[in-house]
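A.B. asks: What follows is query39.pdb; its format and atoms are PDB, N, CA, C and O atoms.
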```pdb
ATOM      1  N   MET A  14      -9.193  16.880  -8.701
ATOM      2  CA  MET A  14      -9.148  15.638  -9.465
ATOM      3  C   MET A  14      -7.865  14.863  -9.169
ATOM      4  O   MET A  14      -7.634  13.830  -9.726
ATOM      5  N   GLY A  15      -7.049  15.343  -8.283
ATOM      6  CA  GLY A  15      -5.801  14.659  -7.965
ATOM      7  C   GLY A  15      -6.009  13.516  -6.992
ATOM      8  O   GLY A  15      -7.097  13.294  -6.463
ATOM      9  N   VAL A  16      -4.953  12.790  -6.786
ATOM     10  CA  VAL A  16      -4.968  11.698  -5.822
ATOM     11  C   VAL A  16      -4.974  12.300  -4.423
ATOM     12  O   VAL A  16      -4.354  13.328  -4.170
ATOM     13  N   ASP A  17      -5.702  11.658  -3.532
ATOM     14  CA  ASP A  17      -5.775  12.144  -2.164
ATOM     15  C   ASP A  17      -4.372  12.133  -1.550
ATOM     16  O   ASP A  17      -3.699  11.110  -1.536
ATOM     17  N   VAL A  18      -3.950  13.273  -1.044
ATOM     18  CA  VAL A  18      -2.600  13.412  -0.505
ATOM     19  C   VAL A  18      -2.430  12.554   0.751
ATOM     20  O   VAL A  18      -1.347  12.025   1.009
ATOM     21  N   ASN A  19      -3.497  12.388   1.506
ATOM     22  CA  ASN A  19      -3.417  11.563   2.717
ATOM     23  C   ASN A  19      -3.050  10.121   2.387
ATOM     24  O   ASN A  19      -2.297   9.486   3.133
ATOM     25  N   ALA A  20      -3.570   9.594   1.289
ATOM     26  CA  ALA A  20      -3.249   8.221   0.894
ATOM     27  C   ALA A  20      -1.761   8.090   0.557
ATOM     28  O   ALA A  20      -1.128   7.090   0.912
ATOM     29  N   ILE A  21      -1.209   9.108  -0.081
ATOM     30  CA  ILE A  21       0.215   9.076  -0.420
ATOM     31  C   ILE A  21       1.063   9.081   0.842
ATOM     32  O   ILE A  21       2.030   8.328   0.976
ATOM     33  N   PHE A  22       0.688   9.931   1.802
ATOM     34  CA  PHE A  22       1.431   9.986   3.057
ATOM     35  C   PHE A  22       1.274   8.699   3.866
ATOM     36  O   PHE A  22       2.215   8.262   4.534
ATOM     37  N   GLN A  23       0.101   8.072   3.822
ATOM     38  CA  GLN A  23      -0.096   6.790   4.513
ATOM     39  C   GLN A  23       0.794   5.717   3.908
ATOM     40  O   GLN A  23       1.432   4.947   4.638
ATOM     41  N   ILE A  24       0.851   5.657   2.599
ATOM     42  CA  ILE A  24       1.688   4.657   1.932
ATOM     43  C   ILE A  24       3.158   4.898   2.258
ATOM     44  O   ILE A  24       3.902   3.955   2.564
ATOM     45  N   ALA A  25       3.584   6.157   2.238
ATOM     46  CA  ALA A  25       4.974   6.471   2.563
ATOM     47  C   ALA A  25       5.286   6.137   4.021
ATOM     48  O   ALA A  25       6.346   5.583   4.325
ATOM     49  N   GLY A  26       4.364   6.448   4.908
ATOM     50  CA  GLY A  26       4.564   6.145   6.323
ATOM     51  C   GLY A  26       4.664   4.664   6.600
ATOM     52  O   GLY A  26       5.533   4.211   7.357
ATOM     53  N   ILE A  27       3.791   3.903   5.977
ATOM     54  CA  ILE A  27       3.834   2.450   6.147
ATOM     55  C   ILE A  27       5.143   1.901   5.592
ATOM     56  O   ILE A  27       5.762   1.015   6.190
ATOM     57  N   GLY A  28       5.588   2.433   4.461
ATOM     58  CA  GLY A  28       6.850   1.996   3.875
ATOM     59  C   GLY A  28       8.036   2.272   4.788
ATOM     60  O   GLY A  28       8.928   1.431   4.945
ATOM     61  N   ILE A  29       8.026   3.437   5.423
ATOM     62  CA  ILE A  29       9.121   3.783   6.339
ATOM     63  C   ILE A  29       9.113   2.863   7.556
ATOM     64  O   ILE A  29      10.158   2.358   7.981
ATOM     65  N   VAL A  30       7.935   2.628   8.118
ATOM     66  CA  VAL A  30       7.831   1.757   9.297
ATOM     67  C   VAL A  30       8.249   0.327   8.956
ATOM     68  O   VAL A  30       8.980  -0.320   9.719
ATOM     69  N   VAL A  31       7.817  -0.165   7.813
ATOM     70  CA  VAL A  31       8.176  -1.529   7.408
ATOM     71  C   VAL A  31       9.684  -1.638   7.180
ATOM     72  O   VAL A  31      10.313  -2.619   7.592
ATOM     73  N   ALA A  32      10.274  -0.633   6.546
ATOM     74  CA  ALA A  32      11.718  -0.657   6.317
ATOM     75  C   ALA A  32      12.479  -0.626   7.642
ATOM     76  O   ALA A  32      13.475  -1.342   7.814
ATOM     77  N   PHE A  33      12.004   0.176   8.593
ATOM     78  CA  PHE A  33      12.633   0.250   9.903
ATOM     79  C   PHE A  33      12.542  -1.087  10.628
ATOM     80  O   PHE A  33      13.550  -1.590  11.157
ATOM     81  N   LEU A  34      11.347  -1.677  10.635
ATOM     82  CA  LEU A  34      11.184  -2.978  11.298
ATOM     83  C   LEU A  34      12.016  -4.064  10.621
ATOM     84  O   LEU A  34      12.595  -4.922  11.289
ATOM     85  N   HIS A  35      12.072  -4.031   9.301
ATOM     86  CA  HIS A  35      12.860  -5.014   8.573
ATOM     87  C   HIS A  35      14.336  -4.906   8.957
ATOM     88  O   HIS A  35      14.999  -5.922   9.200
ATOM     89  N   THR A  36      14.843  -3.691   9.033
ATOM     90  CA  THR A  36      16.251  -3.485   9.390
ATOM     91  C   THR A  36      16.537  -3.963  10.806
ATOM     92  O   THR A  36      17.535  -4.658  11.046
ATOM     93  N   ILE A  37      15.668  -3.613  11.738
ATOM     94  CA  ILE A  37      15.864  -4.015  13.131
ATOM     95  C   ILE A  37      15.834  -5.541  13.265
ATOM     96  O   ILE A  37      16.715  -6.144  13.893
ATOM     97  N   LEU A  38      14.824  -6.162  12.659
ATOM     98  CA  LEU A  38      14.712  -7.619  12.764
ATOM     99  C   LEU A  38      15.868  -8.323  12.060
ATOM    100  O   LEU A  38      16.350  -9.357  12.526
ATOM    101  N   ASP A  39      16.319  -7.771  10.950
ATOM    102  CA  ASP A  39      17.427  -8.375  10.218
ATOM    103  C   ASP A  39      18.718  -8.304  11.030
ATOM    104  O   ASP A  39      19.506  -9.261  11.061
ATOM    105  N   GLN A  40      18.935  -7.196  11.714
ATOM    106  CA  GLN A  40      20.137  -7.063  12.532
ATOM    107  C   GLN A  40      20.087  -7.945  13.775
ATOM    108  O   GLN A  40      21.130  -8.321  14.302
ATOM    109  N   MET A  41      18.887  -8.270  14.229
ATOM    110  CA  MET A  41      18.743  -9.151  15.392
ATOM    111  C   MET A  41      18.898 -10.620  15.011
ATOM    112  O   MET A  41      18.909 -11.485  15.875
ATOM    113  N   GLY A  42      18.972 -10.889  13.714
ATOM    114  CA  GLY A  42      19.114 -12.262  13.263
ATOM    115  C   GLY A  42      17.785 -12.950  12.995
ATOM    116  O   GLY A  42      17.741 -14.156  12.791
ATOM    117  N   LYS A  43      16.715 -12.207  12.993
ATOM    118  CA  LYS A  43      15.375 -12.755  12.746
ATOM    119  C   LYS A  43      14.982 -12.479  11.298
ATOM    120  O   LYS A  43      14.035 -11.752  11.008
ATOM    121  N   LYS A  44      15.712 -13.072  10.382
ATOM    122  CA  LYS A  44      15.490 -12.787   8.963
ATOM    123  C   LYS A  44      14.122 -13.250   8.479
ATOM    124  O   LYS A  44      13.518 -12.615   7.623
ATOM    125  N   GLU A  45      13.621 -14.355   9.032
ATOM    126  CA  GLU A  45      12.309 -14.847   8.609
ATOM    127  C   GLU A  45      11.214 -13.862   8.993
ATOM    128  O   GLU A  45      10.310 -13.573   8.200
ATOM    129  N   TYR A  46      11.287 -13.333  10.224
ATOM    130  CA  TYR A  46      10.295 -12.361  10.660
ATOM    131  C   TYR A  46      10.401 -11.072   9.846
ATOM    132  O   TYR A  46       9.383 -10.444   9.535
ATOM    133  N   ALA A  47      11.616 -10.689   9.508
ATOM    134  CA  ALA A  47      11.816  -9.489   8.701
ATOM    135  C   ALA A  47      11.170  -9.652   7.325
ATOM    136  O   ALA A  47      10.528  -8.721   6.817
ATOM    137  N   GLN A  48      11.294 -10.824   6.743
ATOM    138  CA  GLN A  48      10.675 -11.075   5.447
ATOM    139  C   GLN A  48       9.160 -11.074   5.551
ATOM    140  O   GLN A  48       8.468 -10.568   4.663
ATOM    141  N   TRP A  49       8.628 -11.618   6.644
ATOM    142  CA  TRP A  49       7.173 -11.629   6.834
ATOM    143  C   TRP A  49       6.635 -10.217   7.009
ATOM    144  O   TRP A  49       5.572  -9.871   6.485
ATOM    145  N   VAL A  50       7.350  -9.400   7.769
ATOM    146  CA  VAL A  50       6.917  -8.009   7.963
ATOM    147  C   VAL A  50       6.901  -7.278   6.626
ATOM    148  O   VAL A  50       5.948  -6.553   6.308
ATOM    149  N   THR A  51       7.926  -7.484   5.828
ATOM    150  CA  THR A  51       7.991  -6.843   4.518
ATOM    151  C   THR A  51       6.864  -7.324   3.614
ATOM    152  O   THR A  51       6.210  -6.525   2.929
ATOM    153  N   LEU A  52       6.610  -8.607   3.615
ATOM    154  CA  LEU A  52       5.543  -9.165   2.784
ATOM    155  C   LEU A  52       4.177  -8.641   3.202
ATOM    156  O   LEU A  52       3.361  -8.250   2.355
ATOM    157  N   LEU A  53       3.908  -8.619   4.493
ATOM    158  CA  LEU A  53       2.614  -8.124   4.968
ATOM    159  C   LEU A  53       2.448  -6.632   4.678
ATOM    160  O   LEU A  53       1.345  -6.191   4.312
ATOM    161  N   GLY A  54       3.509  -5.859   4.830
ATOM    162  CA  GLY A  54       3.444  -4.444   4.485
ATOM    163  C   GLY A  54       3.170  -4.239   3.006
ATOM    164  O   GLY A  54       2.371  -3.382   2.619
ATOM    165  N   PHE A  55       3.813  -5.039   2.174
ATOM    166  CA  PHE A  55       3.591  -4.947   0.730
ATOM    167  C   PHE A  55       2.151  -5.287   0.368
ATOM    168  O   PHE A  55       1.521  -4.596  -0.440
ATOM    169  N   ILE A  56       1.605  -6.338   0.974
ATOM    170  CA  ILE A  56       0.230  -6.740   0.684
ATOM    171  C   ILE A  56      -0.751  -5.659   1.136
ATOM    172  O   ILE A  56      -1.708  -5.339   0.429
ATOM    173  N   TYR A  57      -0.507  -5.069   2.308
ATOM    174  CA  TYR A  57      -1.390  -4.009   2.802
ATOM    175  C   TYR A  57      -1.386  -2.806   1.858
ATOM    176  O   TYR A  57      -2.444  -2.267   1.508
ATOM    177  N   ILE A  58      -0.198  -2.395   1.420
ATOM    178  CA  ILE A  58      -0.098  -1.268   0.491
ATOM    179  C   ILE A  58      -0.716  -1.622  -0.854
ATOM    180  O   ILE A  58      -1.352  -0.786  -1.502
ATOM    181  N   LEU A  59      -0.572  -2.866  -1.284
ATOM    182  CA  LEU A  59      -1.166  -3.305  -2.542
ATOM    183  C   LEU A  59      -2.685  -3.177  -2.506
ATOM    184  O   LEU A  59      -3.308  -2.724  -3.473
ATOM    185  N   PHE A  60      -3.298  -3.534  -1.381
ATOM    186  CA  PHE A  60      -4.746  -3.381  -1.252
ATOM    187  C   PHE A  60      -5.153  -1.909  -1.219
ATOM    188  O   PHE A  60      -6.194  -1.542  -1.771
ATOM    189  N   MET A  61      -4.344  -1.064  -0.591
ATOM    190  CA  MET A  61      -4.640   0.367  -0.595
ATOM    191  C   MET A  61      -4.608   0.922  -2.012
ATOM    192  O   MET A  61      -5.500   1.677  -2.421
ATOM    193  N   VAL A  62      -3.600   0.549  -2.763
ATOM    194  CA  VAL A  62      -3.484   1.022  -4.147
ATOM    195  C   VAL A  62      -4.614   0.455  -5.006
ATOM    196  O   VAL A  62      -5.155   1.149  -5.875
ATOM    197  N   ALA A  63      -5.008  -0.785  -4.748
ATOM    198  CA  ALA A  63      -6.101  -1.390  -5.518
ATOM    199  C   ALA A  63      -7.406  -0.631  -5.303
ATOM    200  O   ALA A  63      -8.174  -0.434  -6.256
ATOM    201  N   THR A  64      -7.675  -0.187  -4.089
ATOM    202  CA  THR A  64      -8.897   0.573  -3.856
ATOM    203  C   THR A  64      -8.831   1.944  -4.535
ATOM    204  O   THR A  64      -9.850   2.432  -5.051
ATOM    205  N   ILE A  65      -7.650   2.560  -4.563
ATOM    206  CA  ILE A  65      -7.504   3.846  -5.247
ATOM    207  C   ILE A  65      -7.726   3.680  -6.746
ATOM    208  O   ILE A  65      -8.414   4.485  -7.384
ATOM    209  N   VAL A  66      -7.171   2.621  -7.323
ATOM    210  CA  VAL A  66      -7.348   2.363  -8.752
ATOM    211  C   VAL A  66      -8.808   2.034  -9.059
ATOM    212  O   VAL A  66      -9.352   2.453 -10.089
ATOM    213  N   ASP A  67      -9.482   1.307  -8.160
ATOM    214  CA  ASP A  67     -10.892   0.990  -8.343
ATOM    215  C   ASP A  67     -11.736   2.266  -8.372
ATOM    216  O   ASP A  67     -12.619   2.412  -9.228
ATOM    217  N   ASP A  68     -11.446   3.193  -7.464
ATOM    218  CA  ASP A  68     -12.152   4.473  -7.472
ATOM    219  C   ASP A  68     -11.897   5.240  -8.765
ATOM    220  O   ASP A  68     -12.814   5.858  -9.324
ATOM    221  N   LEU A  69     -10.670   5.192  -9.241
ATOM    222  CA  LEU A  69     -10.331   5.857 -10.497
ATOM    223  C   LEU A  69     -11.129   5.278 -11.661
ATOM    224  O   LEU A  69     -11.694   6.021 -12.470
ATOM    225  N   PHE A  70     -11.208   3.952 -11.748
ATOM    226  CA  PHE A  70     -11.965   3.331 -12.834
ATOM    227  C   PHE A  70     -13.450   3.650 -12.736
ATOM    228  O   PHE A  70     -14.129   3.822 -13.758
ATOM    229  N   LYS A  71     -13.981   3.748 -11.517
ATOM    230  CA  LYS A  71     -15.391   4.126 -11.358
ATOM    231  C   LYS A  71     -15.628   5.543 -11.851
ATOM    232  O   LYS A  71     -16.646   5.821 -12.491
ATOM    233  N   LYS A  72     -14.686   6.454 -11.555
ATOM    234  CA  LYS A  72     -14.828   7.826 -12.027
ATOM    235  C   LYS A  72     -14.728   7.898 -13.547
ATOM    236  O   LYS A  72     -15.474   8.639 -14.189
ATOM    237  N   ILE A  73     -13.811   7.139 -14.132
ATOM    238  CA  ILE A  73     -13.674   7.124 -15.592
ATOM    239  C   ILE A  73     -14.927   6.563 -16.239
ATOM    240  O   ILE A  73     -15.419   7.093 -17.238
ATOM    241  N   LYS A  74     -15.468   5.509 -15.664
ATOM    242  CA  LYS A  74     -16.698   4.912 -16.191
ATOM    243  C   LYS A  74     -17.854   5.897 -16.107
ATOM    244  O   LYS A  74     -18.659   6.003 -17.039
ATOM    245  N   ALA A  75     -17.938   6.627 -15.012
ATOM    246  CA  ALA A  75     -19.004   7.604 -14.854
ATOM    247  C   ALA A  75     -18.886   8.730 -15.867
ATOM    248  O   ALA A  75     -19.893   9.234 -16.382
ATOM    249  N   VAL A  76     -17.671   9.123 -16.208
ATOM    250  CA  VAL A  76     -17.490  10.210 -17.175
ATOM    251  C   VAL A  76     -17.851   9.749 -18.574
ATOM    252  O   VAL A  76     -18.574  10.443 -19.303
ATOM    253  N   PHE A  77     -17.411   8.574 -18.969
ATOM    254  CA  PHE A  77     -17.613   8.148 -20.350
ATOM    255  C   PHE A  77     -18.985   7.556 -20.597
ATOM    256  O   PHE A  77     -19.459   7.528 -21.726
ATOM    257  N   LEU A  78     -19.647   7.076 -19.544
ATOM    258  CA  LEU A  78     -20.992   6.531 -19.720
ATOM    259  C   LEU A  78     -22.062   7.500 -19.228
ATOM    260  O   LEU A  78     -23.240   7.170 -19.191
ATOM    261  N   PHE A  79     -21.635   8.690 -18.845
ATOM    262  CA  PHE A  79     -22.531   9.758 -18.414
ATOM    263  C   PHE A  79     -23.448   9.301 -17.271
ATOM    264  O   PHE A  79     -24.632   9.537 -17.268
ATOM    265  N   GLN A  80     -22.836   8.629 -16.305
ATOM    266  CA  GLN A  80     -23.565   8.201 -15.118
ATOM    267  C   GLN A  80     -23.139   9.087 -13.966
ATOM    268  O   GLN A  80     -22.005   9.501 -13.870
ATOM    269  N   GLY A  81     -24.027   9.297 -13.050
ATOM    270  CA  GLY A  81     -23.700  10.140 -11.909
ATOM    271  C   GLY A  81     -23.406   9.333 -10.739
ATOM    272  O   GLY A  81     -22.876   9.232  -9.837
TER     273      GLY A  81
END
```
Before anything else, please render the file you have as structure tokens.

C.D. replies:
Amino acid sequence: MGVDVNAIFQIAGIGIVVAFLHTILDQMGKKEYAQWVTLLGFIYILFMVATIVDDLFKKIKAVFLFQG
């Protein structure tokens, strides 16, 4: 009944890659690109979390409404 461990590792991996790219681009003087990379990474992770929460609500609905 726990959260899929692979999803947690994917989110952590994406966060590490985005942080690395942000640092590299920021040091190169490309602050606008660094902000875009961070924003796109955040939006991608937000959609991943939204699908996980949607699955959770479906499971809760199935338990309380006795649907299979």

A.B. asks: Counting only N, CA, C and O atoms, which of A:Val62, A:Ile37, A:Val31, A:Ala75 gets nearest to Val50 of chain A?

C.D. replies: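 Among the listed residues, the smallest separation from Val50 of chain A belongs to A:Val31.
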
A.B. asks: Using atom N of Leu38 of chain A and atom O of Asn19 of chain A as the two end points, give the distance in Å to one decimal.

C.D. replies: 25.1 Å

A.B. asks: Find the distance between atom N of Ile56 of chain A and atom C of Lys43 of chain A and write it in Å to one decimal.

C.D. replies: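 If I compute the distance from atom N of Ile56 of chain A to atom C of Lys43 of chain A, I get 18.0 Å.
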
A.B. asks: Take atom CA of Ile27 of chain A and atom CA of Leu59 of chain A and report the distance between them in Å, one decimal.

C.D. replies: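 Distance between the two atoms: 11.6 Å.
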
A.B. asks: Taking (9.0, -3.8, 5.8) in the file's coordinates, which residues come within 6 Å, counting only N, CA, C and O atoms, written as an MDAnalysis selection string?

C.D. replies: chainID A and resid 27:28 30:35 47 50:52 54

A.B. asks: Draw an axis-aligned box over all listed atoms of segment 52-70 of chain A, pad each side with 5 Å, and write its centre and edge lengths in Å, one decimal, as AutoDock Vina command-line options.

C.D. replies:
```
--center_x -3.8 --center_y -1.6 --center_z -4.4 --size_x 30.7 --size_y 25.2 --size_z 28.7
```
